[in-house]
Amino acid sequence: MPEFSIQSSVDIARRLEIRGPDSRSWILLLPSLSGGDSARIGLVADLSALLQRDVRLFDLKNTSSEHLVEALNQPNDDVAVLFANVSPEPKLWSSLDVMRSALERKGPVIFWLPADCVAGLSEHAPNIRSFIGGSIYIVGGDGGLMTAEDRQKRLGELTKRYGLTNEEIVQRAESKTLSSEPHFIEWLVLLGRGDLV
Amino acid sequence: MTIEDAVRRATALDGVLLTRIGDFTLEAPHKVFSSIRAYLIRRADETCVENNPWASLKFTTASKGVWLIAIGPTIDDGDTPDHFHFDSGARLSFGLTLQDDGNRSRLVSFRYQYNLPNGKSPSFLRFDLNRALHENPLTEPLCHLHPGLEKVRLPLFLHHPLEILDRIFFVVDKNL
């Protein structure tokens, strides 16, 4: 996927924001290889939080073009994310392409598709591909997940401050003698011990 | 009129707060994370000093659906690039833990440490929510504010993670 730029979900939200609430934007997003359902869920949460607008999801596998036309217009100004985990059937693309004018709406239409869908989209829905134009991006970024190094660094700060080892913290939690102050709760979470929180 | 009466009143207050917290739910943890990140991105847009909440706000998960959302160091031992910086010269770090509860979540604990600029008094404010009631709620209420003194804890009734940020960004920092 070298020809498309990598953008974070915040970058996508910024683009939509600049274009305005009635931009009639059509965008195609390709999850990075490490993406998947969690990346899509994160995208929806980020768009909703940053744009302060409703975001609706439509699974292309479980919908018809007629249903989409109706749903996208009721209402027609929120953010619609049309997703598929595998390439949609050519028949669906063709049907959507024929009804492309009926799919036009004030709010943005975002396709969330695996990268191997781009060829099928171009072949079977050339008009929709035209609507999208150059607005194709790979959604990347770590999404804020702490790395093992991040966690070790924080655990090191706690050990240094309180003069206790991770093992001692676990023992105190197990014996219910651990302080319930926020630092100690975080300590358990950083150790992965949500069961002791 | 005795300290025992004061402890009794503080215990009653914590009892009310505990019930409120028990009844209080937030959105799912990943949505809370996105909301806080969006909030901080908006605030970063308003500051001249550079901040990058996209990179510095982090989360991790543990067993039983417990989440930690944090920015800045866990222990504030001085300024770091990971703090959120204010034009006033103040800095902010925080960590909050949530319990995933299906499509919702519950607050487990939080700490928001706002360090005032050098030379200002008090030197810091810290908003804490403990996991459980303390044996002496008079000296350590469940939810409290440290007004620059580690051993002084004044009771608080703020719960939503954004409410604390509202007070820090729009009240405290604006009035330095």
# chains A, B, ... in the order shown; residues from 1 in each chain; ligands from 1
>>> interface_residues(of="chain A", to="chain B", cutoff="7 Å", atoms="only C-alpha atoms", output="list of chain:residue names")
A:Ala45, A:Asp46, A:Ala49, A:Leu50, A:Gly144, A:Leu145, A:Met146, A:Arg154, A:Glu157, A:Leu158, A:Ser180, A:Glu181, A:Pro182, A:Glu186, A:Val189, A:Gly192, A:Arg193, A:Gly194, A:Asp195
>>> residues_around(residues="Ser121 of chain B", least_positions_apart="2", cutoff="12 Å", atoms="only C-alpha atoms", output="PDB file with N, CA and C atoms, in the first residue's frame")
ATOM      1  N   ALA B  90       2.394  26.111  33.896  1.00  0.00           N
ATOM      2  CA  ALA B  90       1.961  24.962  34.693  1.00  0.00           C
ATOM      3  C   ALA B  90       2.068  23.680  33.850  1.00  0.00           C
ATOM      4  N   ASN B 115       0.710  20.933  38.445  1.00  0.00           N
ATOM      5  CA  ASN B 115       1.798  21.669  39.094  1.00  0.00           C
ATOM      6  C   ASN B 115       1.784  23.101  38.613  1.00  0.00           C
ATOM      7  N   LEU B 116       1.661  24.006  39.559  1.00  0.00           N
ATOM      8  CA  LEU B 116       1.652  25.428  39.211  1.00  0.00           C
ATOM      9  C   LEU B 116       3.047  25.860  38.777  1.00  0.00           C
ATOM     10  N   PRO B 117       3.126  26.989  38.087  1.00  0.00           N
ATOM     11  CA  PRO B 117       4.461  27.463  37.657  1.00  0.00           C
ATOM     12  C   PRO B 117       5.350  27.749  38.866  1.00  0.00           C
ATOM     13  N   ASN B 118       6.655  27.683  38.637  1.00  0.00           N
ATOM     14  CA  ASN B 118       7.603  27.972  39.712  1.00  0.00           C
ATOM     15  C   ASN B 118       7.309  29.319  40.344  1.00  0.00           C
ATOM     16  N   GLY B 119       7.354  29.334  41.663  1.00  0.00           N
ATOM     17  CA  GLY B 119       7.135  30.584  42.382  1.00  0.00           C
ATOM     18  C   GLY B 119       5.703  30.798  42.807  1.00  0.00           C
ATOM     19  N   SER B 123       2.226  24.905  45.377  1.00  0.00           N
ATOM     20  CA  SER B 123       3.051  24.429  44.267  1.00  0.00           C
ATOM     21  C   SER B 123       2.304  23.433  43.388  1.00  0.00           C
ATOM     22  N   PHE B 124       1.301  22.785  43.965  1.00  0.00           N
ATOM     23  CA  PHE B 124       0.539  21.825  43.144  1.00  0.00           C
ATOM     24  C   PHE B 124      -0.874  21.655  43.691  1.00  0.00           C
ATOM     25  N   LEU B 125      -1.740  21.155  42.836  1.00  0.00           N
ATOM     26  CA  LEU B 125      -3.071  20.687  43.236  1.00  0.00           C
ATOM     27  C   LEU B 125      -3.173  19.253  42.747  1.00  0.00           C
ATOM     28  N   PRO B 147      -4.338  20.453  48.372  1.00  0.00           N
ATOM     29  CA  PRO B 147      -4.041  21.849  47.982  1.00  0.00           C
ATOM     30  C   PRO B 147      -2.571  22.187  48.178  1.00  0.00           C
ATOM     31  N   GLY B 148      -1.710  21.422  47.559  1.00  0.00           N
ATOM     32  CA  GLY B 148      -0.273  21.688  47.666  1.00  0.00           C
ATOM     33  C   GLY B 148       0.357  21.082  48.892  1.00  0.00           C
ATOM     34  N   LEU B 149      -0.406  20.333  49.646  1.00  0.00           N
ATOM     35  CA  LEU B 149       0.105  19.694  50.866  1.00  0.00           C
ATOM     36  C   LEU B 149      -0.207  18.202  50.776  1.00  0.00           C
ATOM     37  N   LEU B 176      -4.384  32.183  37.373  1.00  0.00           N
ATOM     38  CA  LEU B 176      -3.056  32.250  38.009  1.00  0.00           C
ATOM     39  C   LEU B 176      -2.540  33.676  37.990  1.00  0.00           C
TER      40      LEU B 176
END
>>> residues_around(residues="Leu191 of chain A", least_positions_apart="6", cutoff="9 Å", atoms="only C-alpha atoms", output="list in words")
Arg151, Leu155, Asn166 and Val170 of chain A; Ala62 of chain B
>>> residues_around(residues="segment 17-28 of chain A", least_positions_apart="5", cutoff="6 Å", atoms="only C-alpha atoms", output="PyMOL selection string")
chain A and resi 105-111+132+135-136
>>> atom_distance(atom1="atom CA of Leu92 of chain B", atom2="atom CA of Arg53 of chain A")
28.1 Å
>>> residues_around(residues="segment 13-21 of chain B", least_positions_apart="2", cutoff="7 Å", atoms="only C-alpha atoms", output="list in words")
Arg9, Ala10, Thr11, Asp23, Phe24, Pro137, Pro141 and Leu142 of chain B
>>> write_last_selection(atoms="N, CA, C and O atoms", output="PDB file, in the first residue's frame")
ATOM      1  N   ARG B   9     -19.072  12.679  60.911  1.00  0.00           N
ATOM      2  CA  ARG B   9     -19.598  13.458  59.773  1.00  0.00           C
ATOM      3  C   ARG B   9     -18.858  13.102  58.485  1.00  0.00           C
ATOM      4  O   ARG B   9     -19.463  12.960  57.431  1.00  0.00           O
ATOM      5  N   ALA B  10     -17.558  12.975  58.589  1.00  0.00           N
ATOM      6  CA  ALA B  10     -16.762  12.629  57.400  1.00  0.00           C
ATOM      7  C   ALA B  10     -17.119  11.241  56.888  1.00  0.00           C
ATOM      8  O   ALA B  10     -17.178  11.002  55.679  1.00  0.00           O
ATOM      9  N   THR B  11     -17.406  10.329  57.814  1.00  0.00           N
ATOM     10  CA  THR B  11     -17.794   8.968  57.420  1.00  0.00           C
ATOM     11  C   THR B  11     -19.126   8.992  56.683  1.00  0.00           C
ATOM     12  O   THR B  11     -19.305   8.313  55.665  1.00  0.00           O
ATOM     13  N   ASP B  23     -23.362   4.403  41.615  1.00  0.00           N
ATOM     14  CA  ASP B  23     -24.442   4.609  40.636  1.00  0.00           C
ATOM     15  C   ASP B  23     -23.955   5.286  39.362  1.00  0.00           C
ATOM     16  O   ASP B  23     -24.712   5.431  38.408  1.00  0.00           O
ATOM     17  N   PHE B  24     -22.716   5.719  39.380  1.00  0.00           N
ATOM     18  CA  PHE B  24     -22.209   6.554  38.283  1.00  0.00           C
ATOM     19  C   PHE B  24     -21.484   5.702  37.233  1.00  0.00           C
ATOM     20  O   PHE B  24     -20.599   4.928  37.572  1.00  0.00           O
ATOM     21  N   PRO B 137     -11.971   8.728  57.314  1.00  0.00           N
ATOM     22  CA  PRO B 137     -12.386   9.595  56.193  1.00  0.00           C
ATOM     23  C   PRO B 137     -12.181  11.081  56.472  1.00  0.00           C
ATOM     24  O   PRO B 137     -12.264  11.888  55.560  1.00  0.00           O
ATOM     25  N   PRO B 141     -10.533  11.526  52.828  1.00  0.00           N
ATOM     26  CA  PRO B 141     -11.827  11.259  52.175  1.00  0.00           C
ATOM     27  C   PRO B 141     -11.611  10.456  50.895  1.00  0.00           C
ATOM     28  O   PRO B 141     -10.536  10.511  50.294  1.00  0.00           O
ATOM     29  N   LEU B 142     -12.666   9.766  50.498  1.00  0.00           N
ATOM     30  CA  LEU B 142     -12.581   8.910  49.307  1.00  0.00           C
ATOM     31  C   LEU B 142     -12.111   9.702  48.084  1.00  0.00           C
ATOM     32  O   LEU B 142     -11.214   9.304  47.350  1.00  0.00           O
TER      33      LEU B 142
END
>>> residues_around(residues="Pro155 of chain B", least_positions_apart="3", cutoff="7 Å", atoms="only C-alpha atoms", output="ChimeraX atom specification")
/B:141,143-145
>>> closest_residue(among="B:Val171, B:Val7, B:Leu156, B:Leu98", to="Thr25 of chain B", atoms="only C-alpha atoms")
B:Leu98
>>> select_by_dssp(residues="segment 13-125 of chain A", states="strand (DSSP E)", output="VMD selection string")
chain A and resid 26 to 31 55 to 59 79 to 83 109 to 112
>>> residues_around(residues="segment 59-72 of chain A", least_positions_apart="3", cutoff="8 Å", atoms="only C-alpha atoms", output="ChimeraX atom specification")
/A:75-76,80,82-84,88,92,95-96,99,102-103,105
>>> write_last_selection(atoms="C-alpha atoms", output="PDB file, in the first residue's frame")
ATOM      1  CA  PRO A  75     -30.494  11.432   8.769  1.00  0.00           C
ATOM      2  CA  ASN A  76     -28.261  12.667   5.999  1.00  0.00           C
ATOM      3  CA  ALA A  80     -21.596   7.226   7.931  1.00  0.00           C
ATOM      4  CA  LEU A  82     -19.502   1.731   5.474  1.00  0.00           C
ATOM      5  CA  PHE A  83     -17.223  -1.151   6.324  1.00  0.00           C
ATOM      6  CA  ALA A  84     -16.331  -4.621   5.144  1.00  0.00           C
ATOM      7  CA  PRO A  88     -17.797  -7.021  -1.078  1.00  0.00           C
ATOM      8  CA  LEU A  92     -23.069  -4.992  -4.464  1.00  0.00           C
ATOM      9  CA  SER A  95     -25.637  -1.840  -7.439  1.00  0.00           C
ATOM     10  CA  LEU A  96     -24.207   0.913  -5.246  1.00  0.00           C
ATOM     11  CA  MET A  99     -27.524   4.292  -7.097  1.00  0.00           C
ATOM     12  CA  ALA A 102     -29.190   8.556  -4.234  1.00  0.00           C
ATOM     13  CA  LEU A 103     -26.310   7.892  -1.843  1.00  0.00           C
ATOM     14  CA  ARG A 105     -25.723  13.274   1.374  1.00  0.00           C
TER      15      ARG A 105
END
>>> atom_distance(atom1="atom CA of Val197 of chain A", atom2="atom CA of Leu164 of chain A")
17.4 Å
